[in-house]
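S.K.: So here's input.txt, just compact mmCIF, C-alpha atoms:
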# COMPACT_ATOMS: atom_id res chain seq x y z
CA GLU H 1 -5.00 -19.60 -6.03
CA THR H 2 -6.29 -17.22 -3.43
CA GLY H 3 -6.00 -13.49 -2.84
CA VAL H 4 -3.98 -11.40 -5.28
CA THR H 5 -1.24 -12.98 -7.38
CA GLN H 6 1.45 -11.27 -9.43
CA THR H 7 3.86 -12.56 -12.05
CA PRO H 8 6.73 -12.47 -12.49
CA ARG H 9 8.06 -11.98 -8.98
CA HIS H 10 11.39 -10.69 -10.25
CA LEU H 11 12.24 -9.03 -13.55
CA VAL H 12 15.48 -7.63 -14.94
CA MET H 13 15.18 -5.71 -18.18
CA GLY H 14 17.26 -3.44 -20.31
CA MET H 15 16.14 0.05 -21.18
CA THR H 16 15.16 -0.97 -24.71
CA ASN H 17 13.12 -4.04 -23.72
CA LYS H 18 9.36 -4.45 -23.62
CA LYS H 19 7.84 -6.53 -20.85
CA SER H 20 4.52 -6.90 -19.05
CA LEU H 21 3.56 -7.44 -15.43
CA LYS H 22 0.48 -9.47 -14.67
CA CYS H 23 -1.89 -9.31 -11.73
CA GLU H 24 -4.91 -11.50 -10.96
CA GLN H 25 -7.31 -11.19 -8.05
CA HIS H 26 -9.46 -14.10 -6.83
CA LEU H 27 -11.55 -12.05 -4.39
CA GLY H 28 -14.42 -10.90 -6.59
CA HIS H 29 -13.41 -7.27 -6.16
CA ASN H 30 -14.39 -4.46 -8.49
CA ALA H 31 -11.38 -2.14 -8.23
CA MET H 32 -7.73 -2.82 -9.04
CA TYR H 33 -4.61 -0.70 -8.63
CA TRP H 34 -0.95 -0.44 -9.58
CA TYR H 35 1.47 1.05 -7.04
CA LYS H 36 5.20 1.77 -7.18
CA GLN H 37 7.19 1.25 -3.98
CA SER H 38 10.71 2.68 -3.79
CA ALA H 39 13.05 2.70 -0.82
CA LYS H 40 12.52 5.58 1.61
CA LYS H 41 9.44 6.81 -0.27
CA PRO H 42 5.71 6.35 0.32
CA LEU H 43 3.68 4.04 -1.85
CA GLU H 44 2.93 5.87 -5.10
CA LEU H 45 -0.44 5.18 -6.68
CA MET H 46 -0.02 4.83 -10.43
CA PHE H 47 -3.33 3.65 -11.89
CA VAL H 48 -6.83 2.85 -10.67
CA TYR H 49 -9.43 0.75 -12.44
CA ASN H 50 -13.01 0.54 -11.17
CA PHE H 51 -15.31 -1.91 -12.96
CA LYS H 52 -12.65 -2.19 -15.71
CA GLU H 53 -12.68 1.57 -16.35
CA GLN H 54 -9.59 3.61 -15.63
CA THR H 55 -10.54 6.25 -13.11
CA GLU H 56 -7.14 7.62 -12.16
CA ASN H 57 -3.75 8.14 -13.74
CA ASN H 58 -1.42 9.99 -11.45
CA SER H 59 0.79 11.66 -14.06
CA VAL H 60 2.57 8.41 -14.82
CA PRO H 61 5.03 8.51 -17.77
CA SER H 62 3.72 6.97 -20.97
CA ARG H 63 6.39 4.26 -20.84
CA PHE H 64 4.00 2.60 -18.35
CA SER H 65 0.78 1.43 -20.00
CA PRO H 66 -1.95 -0.32 -18.00
CA GLU H 67 -4.55 -2.74 -19.34
CA CYS H 68 -7.58 -4.14 -17.54
CA PRO H 69 -9.42 -6.68 -19.74
CA ASN H 70 -11.81 -7.68 -16.95
CA SER H 71 -12.33 -7.03 -13.25
CA SER H 72 -10.05 -9.93 -12.26
CA HIS H 73 -6.98 -9.18 -14.38
CA LEU H 74 -4.65 -6.21 -14.60
CA PHE H 75 -1.53 -5.76 -16.66
CA LEU H 76 1.23 -3.18 -16.68
CA HIS H 77 3.05 -2.96 -20.00
CA LEU H 78 6.57 -1.59 -19.79
CA HIS H 79 8.73 -0.15 -22.57
CA THR H 80 11.80 2.03 -22.82
CA LEU H 81 12.19 2.20 -19.05
CA GLN H 82 14.79 4.22 -17.17
CA PRO H 83 17.03 3.02 -14.29
CA GLU H 84 15.01 5.17 -11.87
CA ASP H 85 12.00 2.98 -12.66
CA SER H 86 13.63 0.14 -10.71
CA ALA H 87 11.31 -0.56 -7.78
CA LEU H 88 8.77 -2.96 -6.33
CA TYR H 89 5.52 -2.81 -8.29
CA LEU H 90 2.49 -3.79 -6.27
CA CYS H 91 -0.94 -4.70 -7.48
CA ALA H 92 -3.94 -4.37 -5.18
CA SER H 93 -7.67 -4.87 -5.31
CA SER H 94 -10.61 -3.73 -3.21
CA GLN H 95 -14.35 -4.28 -3.10
CA GLY H 96 -14.92 -0.65 -4.03
CA LEU H 97 -12.69 2.37 -4.30
CA ALA H 98 -9.74 2.46 -1.87
CA THR H 99 -10.91 5.64 -0.22
CA THR H 100 -13.67 3.58 1.40
CA TYR H 101 -12.58 -0.06 1.31
CA GLU H 102 -9.42 -1.76 2.47
CA GLN H 103 -7.05 -2.97 -0.22
CA TYR H 104 -5.60 -6.43 -0.66
CA PHE H 105 -2.10 -6.43 -2.09
CA GLY H 106 -0.18 -8.95 -4.12
CA PRO H 107 3.42 -9.88 -3.29
CA GLY H 108 4.81 -7.49 -5.89
CA THR H 109 7.20 -7.67 -8.82
CA ARG H 110 10.76 -6.57 -8.07
CA LEU H 111 11.84 -4.74 -11.24
CA THR H 112 15.43 -3.89 -12.04
CA VAL H 113 16.19 -1.77 -15.10
CA THR H 114 19.75 -2.01 -16.35
CA GLU Y 1 -1.16 20.07 0.64
CA ASP Y 2 -2.47 16.72 1.86
CA GLN Y 3 0.21 14.66 3.56
CA VAL Y 4 0.82 11.79 5.96
CA THR Y 5 3.87 11.59 8.22
CA GLN Y 6 4.86 8.54 10.23
CA SER Y 7 7.26 8.46 13.16
CA PRO Y 8 9.61 7.12 14.15
CA GLU Y 9 11.15 5.95 10.90
CA ALA Y 10 12.53 2.88 12.67
CA LEU Y 11 12.06 1.39 16.13
CA ARG Y 12 13.86 -1.40 17.94
CA LEU Y 13 12.21 -2.90 21.02
CA GLN Y 14 12.93 -5.77 23.33
CA GLU Y 15 10.35 -8.54 23.37
CA GLY Y 16 7.61 -7.51 25.79
CA GLU Y 17 8.47 -3.80 25.64
CA SER Y 18 5.29 -1.93 24.72
CA SER Y 19 5.37 1.19 22.53
CA SER Y 20 3.39 3.28 20.06
CA LEU Y 21 3.80 4.27 16.42
CA ASN Y 22 2.55 7.64 15.25
CA CYS Y 23 0.77 8.65 12.04
CA SER Y 24 0.11 12.38 11.64
CA TYR Y 25 -2.12 13.48 8.81
CA THR Y 26 -2.99 16.79 7.20
CA VAL Y 27 -5.89 16.42 4.81
CA SER Y 28 -8.76 18.65 3.82
CA GLY Y 29 -11.24 16.04 5.01
CA LEU Y 30 -10.71 12.50 6.32
CA ARG Y 31 -12.83 9.69 4.96
CA GLY Y 32 -10.83 6.98 6.73
CA LEU Y 33 -7.42 6.12 8.19
CA PHE Y 34 -5.96 2.75 7.27
CA TRP Y 35 -3.16 0.73 8.90
CA TYR Y 36 -1.27 -1.96 7.04
CA ARG Y 37 1.56 -4.30 7.94
CA GLN Y 38 4.26 -5.19 5.40
CA ASP Y 39 6.71 -8.04 5.81
CA PRO Y 40 9.93 -8.16 3.74
CA GLY Y 41 9.31 -9.46 0.24
CA LYS Y 42 5.54 -9.23 0.61
CA GLY Y 43 2.78 -6.76 -0.15
CA PRO Y 44 1.06 -4.79 2.62
CA GLU Y 45 -1.56 -6.63 4.68
CA PHE Y 46 -4.63 -4.79 5.94
CA LEU Y 47 -4.93 -4.33 9.71
CA PHE Y 48 -7.50 -1.63 10.59
CA THR Y 49 -9.68 1.17 9.30
CA LEU Y 50 -10.66 4.07 11.57
CA TYR Y 51 -13.29 6.59 10.55
CA SER Y 52 -13.84 9.10 13.34
CA ALA Y 53 -11.94 10.72 16.19
CA GLY Y 54 -12.14 8.67 19.35
CA GLU Y 55 -12.54 5.38 17.52
CA GLU Y 56 -10.38 2.44 18.62
CA LYS Y 57 -9.82 -1.02 17.13
CA GLU Y 58 -7.87 -3.98 18.46
CA LYS Y 59 -6.35 -7.12 17.07
CA GLU Y 60 -4.22 -9.36 19.26
CA ARG Y 61 -1.35 -7.18 20.58
CA LEU Y 62 -2.24 -4.20 18.36
CA LYS Y 63 -4.60 -1.34 19.09
CA ALA Y 64 -5.20 1.58 16.73
CA THR Y 65 -6.62 4.90 17.86
CA LEU Y 66 -7.61 8.06 16.01
CA THR Y 67 -7.74 11.76 16.85
CA LYS Y 68 -8.49 14.71 14.57
CA LYS Y 69 -4.82 15.09 13.68
CA GLU Y 70 -3.13 11.73 14.20
CA SER Y 71 -3.46 8.02 14.70
CA PHE Y 72 -1.49 5.76 16.98
CA LEU Y 73 -0.73 2.08 16.66
CA HIS Y 74 -0.09 0.76 20.15
CA ILE Y 75 1.81 -2.50 20.45
CA THR Y 76 1.47 -4.26 23.79
CA ALA Y 77 4.07 -6.84 24.89
CA PRO Y 78 5.33 -7.37 21.33
CA LYS Y 79 6.84 -10.60 20.10
CA PRO Y 80 9.56 -11.07 17.44
CA GLU Y 81 6.87 -12.04 14.91
CA ASP Y 82 5.48 -8.50 15.18
CA SER Y 83 8.61 -7.25 13.41
CA ALA Y 84 7.53 -5.61 10.14
CA THR Y 85 7.01 -2.24 8.50
CA TYR Y 86 3.76 -0.60 9.52
CA LEU Y 87 2.12 1.73 7.00
CA CYS Y 88 -0.69 4.17 7.53
CA ALA Y 89 -2.77 5.77 4.82
CA ALA Y 90 -5.31 8.59 4.88
CA ALA Y 91 -8.26 8.57 2.50
CA THR Y 92 -9.47 12.05 1.70
CA LEU Y 93 -13.06 13.20 1.63
CA ASN Y 94 -13.36 15.78 -1.07
CA ARG Y 95 -14.08 16.13 -4.76
CA ASP Y 96 -10.65 14.73 -5.61
CA ASP Y 97 -10.84 11.60 -3.43
CA LYS Y 98 -7.45 10.01 -2.96
CA ILE Y 99 -5.50 7.81 -0.60
CA ILE Y 100 -2.14 9.01 0.72
CA PHE Y 101 0.39 6.66 2.30
CA GLY Y 102 3.08 7.49 4.82
CA LYS Y 103 6.63 6.19 4.45
CA GLY Y 104 6.12 3.62 7.19
CA THR Y 105 7.75 2.68 10.49
CA ARG Y 106 10.16 -0.26 10.48
CA LEU Y 107 9.64 -2.17 13.72
CA HIS Y 108 12.17 -4.71 14.96
CA ILE Y 109 11.43 -6.76 18.07
CA LEU Y 110 14.47 -8.36 19.65
CA PRO Y 111 14.03 -11.74 21.38
Using the file provided, produce a representation of the structure as structure tokens.

M.R.:
Amino acid sequence: ETGVTQTPRHLVMGMTNKKSLKCEQHLGHNAMYWYKQSAKKPLELMFVYNFKEQTENNSVPSRFSPECPNSSHLFLHLHTLQPEDSALYLCASSQGLATTYEQYFGPGTRLTVT
Amino acid sequence: EDQVTQSPEALRLQEGESSSLNCSYTVSGLRGLFWYRQDPGKGPEFLFTLYSAGEEKEKERLKATLTKKESFLHITAPKPEDSATYLCAAATLNRDDKIIFGKGTRLHILP
């Protein structure tokens, strides 16, 4: 595997389900990110981890819970989601923080909440 | 308020017809301006970073330029494979460092 991988690629879940998204980066980077991408809207930064420590949480609802067990893996735990949470969820990594270094993105998980 | 605006929202060109995409930014201080390309069903792919007004970078048919208020992505003699959504993002240089993305320009090159 190379670059940034994400699983699953597609996910359909009901509002009462609990699921997790997984991201793995094979680039030796120190920072990892979760973004939400919705139609007609800019990429929304959700969470930032730098050296496994969460450095940013952009007022994301508590139904989204991130976990970063090491600098190569990032999870997004989902529970009690709403239909408006349907979107493409992108994981990214960078050598350092994204304000200085370019980010490398995974292919995303297309989430549909029914 | 910091913001990034891209125009046009969508652009259709004939193969070989050169044009430019615009990214206007309003930030308290610019650390860097990033351009990404996103193909359908994929994550964004890094193209360029520009740091100071007057800077230019090129890659194949693409050239990115930067002024104090905006950045342009010039596409020379495009080919159908250049069709994609192009995103720009401004990284701020202040105590609350952040990166702000525009909504993107959807580019379609007709053969």

S.K.: List every residue of region 74-110 of chain Y that has an atom at most 6 Å from any atom of region 3-21 of chain Y, and for each one report the closest atom pair and its distance in Å to one decimal, counting all atoms listed in the file, with rows sorted by chain and then by increasing residue number, as a tab-separated table.

M.R.:
residue	atom	partner	partner_atom	distance
Y:His74	CA	Y:Ser20	CA	4.3
Y:Ile75	CA	Y:Ser19	CA	5.5
Y:Thr76	CA	Y:Ser18	CA	4.6
Y:Ala77	CA	Y:Gly16	CA	3.7
Y:Pro78	CA	Y:Gly16	CA	5.0
Y:Lys79	CA	Y:Glu15	CA	5.2
Y:Gly102	CA	Y:Val4	CA	5.0
Y:Gly104	CA	Y:Gln6	CA	5.9
Y:Thr105	CA	Y:Glu9	CA	4.7
Y:Arg106	CA	Y:Ala10	CA	4.5
Y:Leu107	CA	Y:Leu11	CA	4.9
Y:His108	CA	Y:Arg12	CA	4.8
Y:Ile109	CA	Y:Leu13	CA	4.9
Y:Leu110	CA	Y:Gln14	CA	4.8

S.K.: Could you jot down the CA of Lys22 (chain H) to CA of Lys36 (chain H) separation for me, Å, one decimal place?

M.R.: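 Taking CA of Lys22 (chain H) as the start and CA of Lys36 (chain H) as the end point, the length is 14.3 Å.
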
S.K.: So, with only C-alpha atoms as the atoms that count, which of Y:Gln38, Y:Ser24, Y:Thr85, Y:Asn94 lies closest to Lys69 (chain Y)?

M.R.: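 Counting only C-alpha atoms, the residue closest to Lys69 (chain Y) is Y:Ser24.
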
S.K.: Using all atoms listed in the file, which residue out of Y:Pro111, Y:Phe72, Y:Ser28, Y:Glu45 lies closest to Lys57 (chain Y)?

M.R.: Y:Phe72

S.K.: Around the point (-16.6, -2.7, -3.1), in the coordinates given by the file, pick out the residues reaching within 8 Å, counting all atoms listed in the file, and return them as a list in words.

M.R.: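 The answer, in the requested form, is His29, Asn30, Ala31, Ser94, Gln95, Gly96, Leu97 and Tyr101 of chain H.
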
S.K.: Please, which residues of chain Y lie no more than 12 Å from chain H when the count uses all atoms listed in the file, and can they be set out as number ranges by chain?

M.R.: Y: 3-6, 9-10, 29-51, 85-106

S.K.: Can you measure CA of Tyr33 (chain H) to CA of Ser59 (chain H) for me? One decimal in Å is fine.

M.R.: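 Taking CA of Tyr33 (chain H) as the start and CA of Ser59 (chain H) as the end point, the length is 14.5 Å.
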
S.K.: May I ask for the distance between CA of Thr16 (chain H) and CA of Val60 (chain H), given in Å to one decimal place?

M.R.: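 Computing it gives 18.6 Å between the two atoms.
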
S.K.: Would you mind listing what lies within 7 Å of Val48 (chain H) as an MDAnalysis selection string, with only C-alpha atoms counted and same-chain residues fewer than 6 positions away left out?

M.R.: chainID H and resid 32:34 54:57

S.K.: So, with only C-alpha atoms as the atoms that count, which of H:Ser93, H:His79, H:Asn70, H:Ala87 lies closest to Gly14 (chain H)?

M.R.: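 Closest candidate: H:His79.
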
S.K.: Taking all atoms listed in the file into account, name the residue in H:Val12, H:Gly3, H:Glu24, H:Tyr35 that is nearest to Ser72 (chain H).

M.R.: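 Using all atoms listed in the file, Ser72 (chain H) sits closest to H:Glu24.
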
S.K.: Could you add whatever atoms are missing so that region 8-20 of chain H carries N, CA and C atoms, then write the result as a PDB file, in the frame of the given file?

M.R.:
ATOM      1  N   PRO H   8       5.777 -11.659 -13.245  1.00  0.00           N
ATOM      2  CA  PRO H   8       6.730 -12.470 -12.490  1.00  0.00           C
ATOM      3  C   PRO H   8       7.017 -11.837 -11.131  1.00  0.00           C
ATOM      4  N   ARG H   9       7.690 -12.546 -10.271  1.00  0.00           N
ATOM      5  CA  ARG H   9       8.060 -11.980  -8.980  1.00  0.00           C
ATOM      6  C   ARG H   9       9.310 -11.113  -9.089  1.00  0.00           C
ATOM      7  N   HIS H  10      10.172 -11.467 -10.017  1.00  0.00           N
ATOM      8  CA  HIS H  10      11.390 -10.690 -10.250  1.00  0.00           C
ATOM      9  C   HIS H  10      11.560 -10.500 -11.746  1.00  0.00           C
ATOM     10  N   LEU H  11      12.045  -9.325 -12.124  1.00  0.00           N
ATOM     11  CA  LEU H  11      12.240  -9.030 -13.550  1.00  0.00           C
ATOM     12  C   LEU H  11      13.425  -8.100 -13.699  1.00  0.00           C
ATOM     13  N   VAL H  12      14.356  -8.501 -14.585  1.00  0.00           N
ATOM     14  CA  VAL H  12      15.480  -7.630 -14.940  1.00  0.00           C
ATOM     15  C   VAL H  12      15.335  -7.330 -16.427  1.00  0.00           C
ATOM     16  N   MET H  13      15.330  -6.068 -16.775  1.00  0.00           N
ATOM     17  CA  MET H  13      15.180  -5.710 -18.180  1.00  0.00           C
ATOM     18  C   MET H  13      16.068  -4.538 -18.544  1.00  0.00           C
ATOM     19  N   GLY H  14      16.486  -4.545 -19.803  1.00  0.00           N
ATOM     20  CA  GLY H  14      17.260  -3.440 -20.310  1.00  0.00           C
ATOM     21  C   GLY H  14      16.341  -2.288 -20.692  1.00  0.00           C
ATOM     22  N   MET H  15      16.930  -1.155 -20.921  1.00  0.00           N
ATOM     23  CA  MET H  15      16.140   0.050 -21.180  1.00  0.00           C
ATOM     24  C   MET H  15      15.401  -0.023 -22.512  1.00  0.00           C
ATOM     25  N   THR H  16      15.835  -0.902 -23.413  1.00  0.00           N
ATOM     26  CA  THR H  16      15.160  -0.970 -24.710  1.00  0.00           C
ATOM     27  C   THR H  16      14.150  -2.114 -24.790  1.00  0.00           C
ATOM     28  N   ASN H  17      14.037  -2.893 -23.712  1.00  0.00           N
ATOM     29  CA  ASN H  17      13.120  -4.040 -23.720  1.00  0.00           C
ATOM     30  C   ASN H  17      11.666  -3.626 -23.585  1.00  0.00           C
ATOM     31  N   LYS H  18      10.786  -4.569 -23.922  1.00  0.00           N
ATOM     32  CA  LYS H  18       9.360  -4.450 -23.620  1.00  0.00           C
ATOM     33  C   LYS H  18       8.964  -5.667 -22.814  1.00  0.00           C
ATOM     34  N   LYS H  19       8.304  -5.442 -21.706  1.00  0.00           N
ATOM     35  CA  LYS H  19       7.840  -6.530 -20.850  1.00  0.00           C
ATOM     36  C   LYS H  19       6.486  -6.165 -20.277  1.00  0.00           C
ATOM     37  N   SER H  20       5.808  -7.157 -19.701  1.00  0.00           N
ATOM     38  CA  SER H  20       4.520  -6.900 -19.050  1.00  0.00           C
ATOM     39  C   SER H  20       4.467  -7.561 -17.690  1.00  0.00           C
TER      40      SER H  20
END
